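Asker: Mind looking over this structure? Questions follow.
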Protein chains: 2
Amino acid sequence: MPSEPLAVVLISGGMDSAVCTAIARVEGYGIAALHLNYGQRTQERELQAFHDIAEYYCARHRLVVDVSHFALIGGSSLTDTAIPVEQANIASTVIPTSYVPFRNANILAIAVSWAEVLGAIAIYIGAVEEDSSGYPDCRKEFYDAFQKVIDLGTKPETHIAICTPLITYTKKDIVQRGKELGVPFHMTWSCYKRNDRACGECDSCALRLRGFYQAGLEDPIPYACRPVYT
Amino acid sequence: MPSEPLAVVLISGGMDSAVCTAIARVEGYGIAALHLNYGQRTQERELQAFHDIAEYYCARHRLVVDVSHFALIGGSSLTDTAIPVEQANIASTVIPTSYVPFRNANILAIAVSWAEVLGAIAIYIGAVEEDSSGYPDCRKEFYDAFQKVIDLGTKPETHIAICTPLITYTKKDIVQRGKELGVPFHMTWSCYKRNDRACGECDSCALRLRGFYQAGLEDPIPYACRPVYT
């Protein structure tokens, strides 16, 4: 058995989660790779990215959890196809319709359950405050509060730390750090809308492309269209 | 539309959840009934009890969420049929093998997501510290910590209060309060082991039967065997 400690890493398949996985490795953890299918439009493409990243980082455990009850609960353009995905509006501080209510709390709760069973001592999640577009559950104080819930809600001998290494990063920072760590960006998928080529238009594409642009690097994944930065 | 405010009520089908539902009604809430199938042995029987109770209390919304990923995550005799259910040992302070790690945090997270979409302003959960057999996520301070996570992790205009009206109750108190409120105990199901008649032997049966005994009442559901109290 490997002697390194184990961390559950949330791997959506996006570039943030890939950089987060690389950081967990650099910080000395073996990887327990956790992916959630929550009924999003791009579920299959993201799942492929998850497996590619887990393979690349030699994950010791993999778990894919179906949380399609988000689609039942509704109230989100990610899961309710009746609500159109908004065009990118990076400057907006209004919470976008792609908001899945309280999603990160659901994700963390699953991660903690698995971590306790595996004996993992950390949970890595690539949350980023800056690009959260006002998602309330992407902020540092949310994770601090959840840490307290973990400490109180798990067995006395269990100690699981939430690690949010990207929380203060900009997308530019993430691209740069990923580049330093040799992250396989070509395996990652961030687009909310398409499975074949990234749309280049949704919030997630816009933020990713701007990050690569600001870092002076080329995003290696294929796009249907790319904005021109001036 | 009814003008009364809405509460999401966790209805497992057990008697605690039925009494909790009655209290939510008495406190002026319309009911949004939430039930979780988490792969437990008695899933079908509990689901029937859920629908009976929801019907009885004229629930305005019902949601059944499949959280069978608990079976994937494992580590619990409730979901892993390889681990035998322990015989009742009420006096024990050791966390029993029926423990599903961090279960209540997962349940609350789902409840909050649904509550935010519905516009519900309260979540009722029939957690009881006394009979928790050491489950760390049945304690008052766990719910207080989770309340903070809700306040920080939902939209600014969202205000959802966790209500744990039974938290300090004994099983005797619950039976007595349920009797006062006319709770249909015959519709409820608490047994961990059997679907036809309650086993009378598992922790849950033992605690329930002792509660009825101490309250001086007869439990109306059928049992395969009943302990003799002296």
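In the structure tokens, the first chain shown is A, the next is B, and so on; residue numbers restart at 1 for each chain, and ligands run from 1 in the order shown.
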Would you mind listing, as an MDAnalysis selection string, all residues of chain A that have at least one atom within 7 Å of chain B, where only C-alpha atoms are what counts?
Answerer: chainID A and resid 65 69 73 75 101:102 105:106 109:110 112:114 116:117 136:137 142 145:146 148:149 152:155
Asker: Extract, using only C-alpha atoms, all DNA, RNA and protein residues at most 12 Å from Tyr56 (chain A), discarding same-chain residues fewer than 3 positions from it, and format them as a ChimeraX atom specification.
Answerer: /A:18,21-22,25,31,33,49-53,59-60,182-188
Asker: Store the residues picked out above, limited to N, CA and C atoms, as a PDB file, in the first residue's frame.
Answerer:
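Ended up saving to again34.pdb:
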```pdb
ATOM      1  N   ALA A  18      -8.504  20.271 -12.618  1.00  0.00           N
ATOM      2  CA  ALA A  18      -7.250  19.611 -13.019  1.00  0.00           C
ATOM      3  C   ALA A  18      -6.058  20.250 -12.299  1.00  0.00           C
ATOM      4  N   THR A  21      -6.084  19.136  -8.741  1.00  0.00           N
ATOM      5  CA  THR A  21      -5.559  17.772  -8.612  1.00  0.00           C
ATOM      6  C   THR A  21      -4.031  17.791  -8.607  1.00  0.00           C
ATOM      7  N   ALA A  22      -3.467  18.582  -9.507  1.00  0.00           N
ATOM      8  CA  ALA A  22      -2.005  18.698  -9.573  1.00  0.00           C
ATOM      9  C   ALA A  22      -1.445  19.242  -8.258  1.00  0.00           C
ATOM     10  N   ARG A  25      -1.425  16.571  -5.580  1.00  0.00           N
ATOM     11  CA  ARG A  25      -0.280  15.663  -5.790  1.00  0.00           C
ATOM     12  C   ARG A  25       1.009  16.296  -5.281  1.00  0.00           C
ATOM     13  N   ILE A  31      -4.527  10.364  -4.685  1.00  0.00           N
ATOM     14  CA  ILE A  31      -5.785  10.944  -5.153  1.00  0.00           C
ATOM     15  C   ILE A  31      -6.943   9.943  -5.080  1.00  0.00           C
ATOM     16  N   ALA A  33     -10.437  10.235  -6.620  1.00  0.00           N
ATOM     17  CA  ALA A  33     -11.066  11.139  -7.592  1.00  0.00           C
ATOM     18  C   ALA A  33     -12.587  11.023  -7.532  1.00  0.00           C
ATOM     19  N   ALA A  49     -13.534  13.791 -19.432  1.00  0.00           N
ATOM     20  CA  ALA A  49     -12.424  14.611 -18.918  1.00  0.00           C
ATOM     21  C   ALA A  49     -12.022  14.136 -17.521  1.00  0.00           C
ATOM     22  N   PHE A  50     -13.013  13.819 -16.702  1.00  0.00           N
ATOM     23  CA  PHE A  50     -12.741  13.306 -15.349  1.00  0.00           C
ATOM     24  C   PHE A  50     -11.858  12.065 -15.406  1.00  0.00           C
ATOM     25  N   HIS A  51     -12.246  11.098 -16.254  1.00  0.00           N
ATOM     26  CA  HIS A  51     -11.483   9.845 -16.307  1.00  0.00           C
ATOM     27  C   HIS A  51     -10.075  10.081 -16.851  1.00  0.00           C
ATOM     28  N   ASP A  52      -9.964  10.970 -17.819  1.00  0.00           N
ATOM     29  CA  ASP A  52      -8.640  11.272 -18.374  1.00  0.00           C
ATOM     30  C   ASP A  52      -7.727  11.881 -17.299  1.00  0.00           C
ATOM     31  N   ILE A  53      -8.288  12.801 -16.534  1.00  0.00           N
ATOM     32  CA  ILE A  53      -7.486  13.474 -15.494  1.00  0.00           C
ATOM     33  C   ILE A  53      -7.145  12.491 -14.365  1.00  0.00           C
ATOM     34  N   ALA A  59      -5.003   8.155 -10.008  1.00  0.00           N
ATOM     35  CA  ALA A  59      -5.937   8.114  -8.877  1.00  0.00           C
ATOM     36  C   ALA A  59      -6.015   6.714  -8.291  1.00  0.00           C
ATOM     37  N   ARG A  60      -5.967   6.610  -6.973  1.00  0.00           N
ATOM     38  CA  ARG A  60      -6.042   5.308  -6.302  1.00  0.00           C
ATOM     39  C   ARG A  60      -7.490   4.853  -6.136  1.00  0.00           C
ATOM     40  N   GLY A 182       2.588  21.468 -15.149  1.00  0.00           N
ATOM     41  CA  GLY A 182       2.436  20.543 -16.278  1.00  0.00           C
ATOM     42  C   GLY A 182       1.048  19.944 -16.402  1.00  0.00           C
ATOM     43  N   VAL A 183       0.037  20.687 -16.036  1.00  0.00           N
ATOM     44  CA  VAL A 183      -1.344  20.178 -16.100  1.00  0.00           C
ATOM     45  C   VAL A 183      -1.751  19.920 -17.554  1.00  0.00           C
ATOM     46  N   PRO A 184      -2.359  18.768 -17.814  1.00  0.00           N
ATOM     47  CA  PRO A 184      -2.788  18.445 -19.186  1.00  0.00           C
ATOM     48  C   PRO A 184      -4.094  19.172 -19.552  1.00  0.00           C
ATOM     49  N   PHE A 185      -3.948  20.457 -19.855  1.00  0.00           N
ATOM     50  CA  PHE A 185      -5.142  21.270 -20.159  1.00  0.00           C
ATOM     51  C   PHE A 185      -5.963  20.712 -21.322  1.00  0.00           C
ATOM     52  N   HIS A 186      -5.269  20.023 -22.243  1.00  0.00           N
ATOM     53  CA  HIS A 186      -6.001  19.495 -23.396  1.00  0.00           C
ATOM     54  C   HIS A 186      -7.038  18.440 -23.002  1.00  0.00           C
ATOM     55  N   MET A 187      -6.881  17.862 -21.798  1.00  0.00           N
ATOM     56  CA  MET A 187      -7.856  16.854 -21.331  1.00  0.00           C
ATOM     57  C   MET A 187      -9.080  17.478 -20.682  1.00  0.00           C
ATOM     58  N   THR A 188      -9.031  18.745 -20.379  1.00  0.00           N
ATOM     59  CA  THR A 188     -10.084  19.362 -19.556  1.00  0.00           C
ATOM     60  C   THR A 188     -11.229  19.914 -20.394  1.00  0.00           C
TER      61      THR A 188
END
```
Asker: What are the DSSP helix (DSSP H, G or I) residues of chain A, as a PyMOL selection string?
Answerer: chain A and resi 15-26+43-56+69-73+103-118+136-138+140-153+171-180+185-187+203-215
Asker: One number please: CA of Glu218 (chain B) to CA of Lys172 (chain B), in Å, one decimal.
Answerer: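 Computed distance, CA of Glu218 (chain B) to CA of Lys172 (chain B), equals 12.0 Å.
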Asker: How many Å lie between CA of Arg226 (chain A) and CA of Leu47 (chain A), rounded to one decimal?
Answerer: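 Going from CA of Arg226 (chain A) over to CA of Leu47 (chain A), I get 23.9 Å.
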Asker: Report, in Å with one decimal, the straight-line distance from CA of Leu209 (chain B) to CA of Val128 (chain B).
Answerer: 15.8 Å
Asker: Excluding Ser17 (chain A) and residues on its chain fewer than 4 positions from it, collect all residues at most 9 Å away from it, counting only C-alpha atoms, and give them as a PyMOL selection string.
Answerer: chain A and resi 9-13+21-22+124-127+188
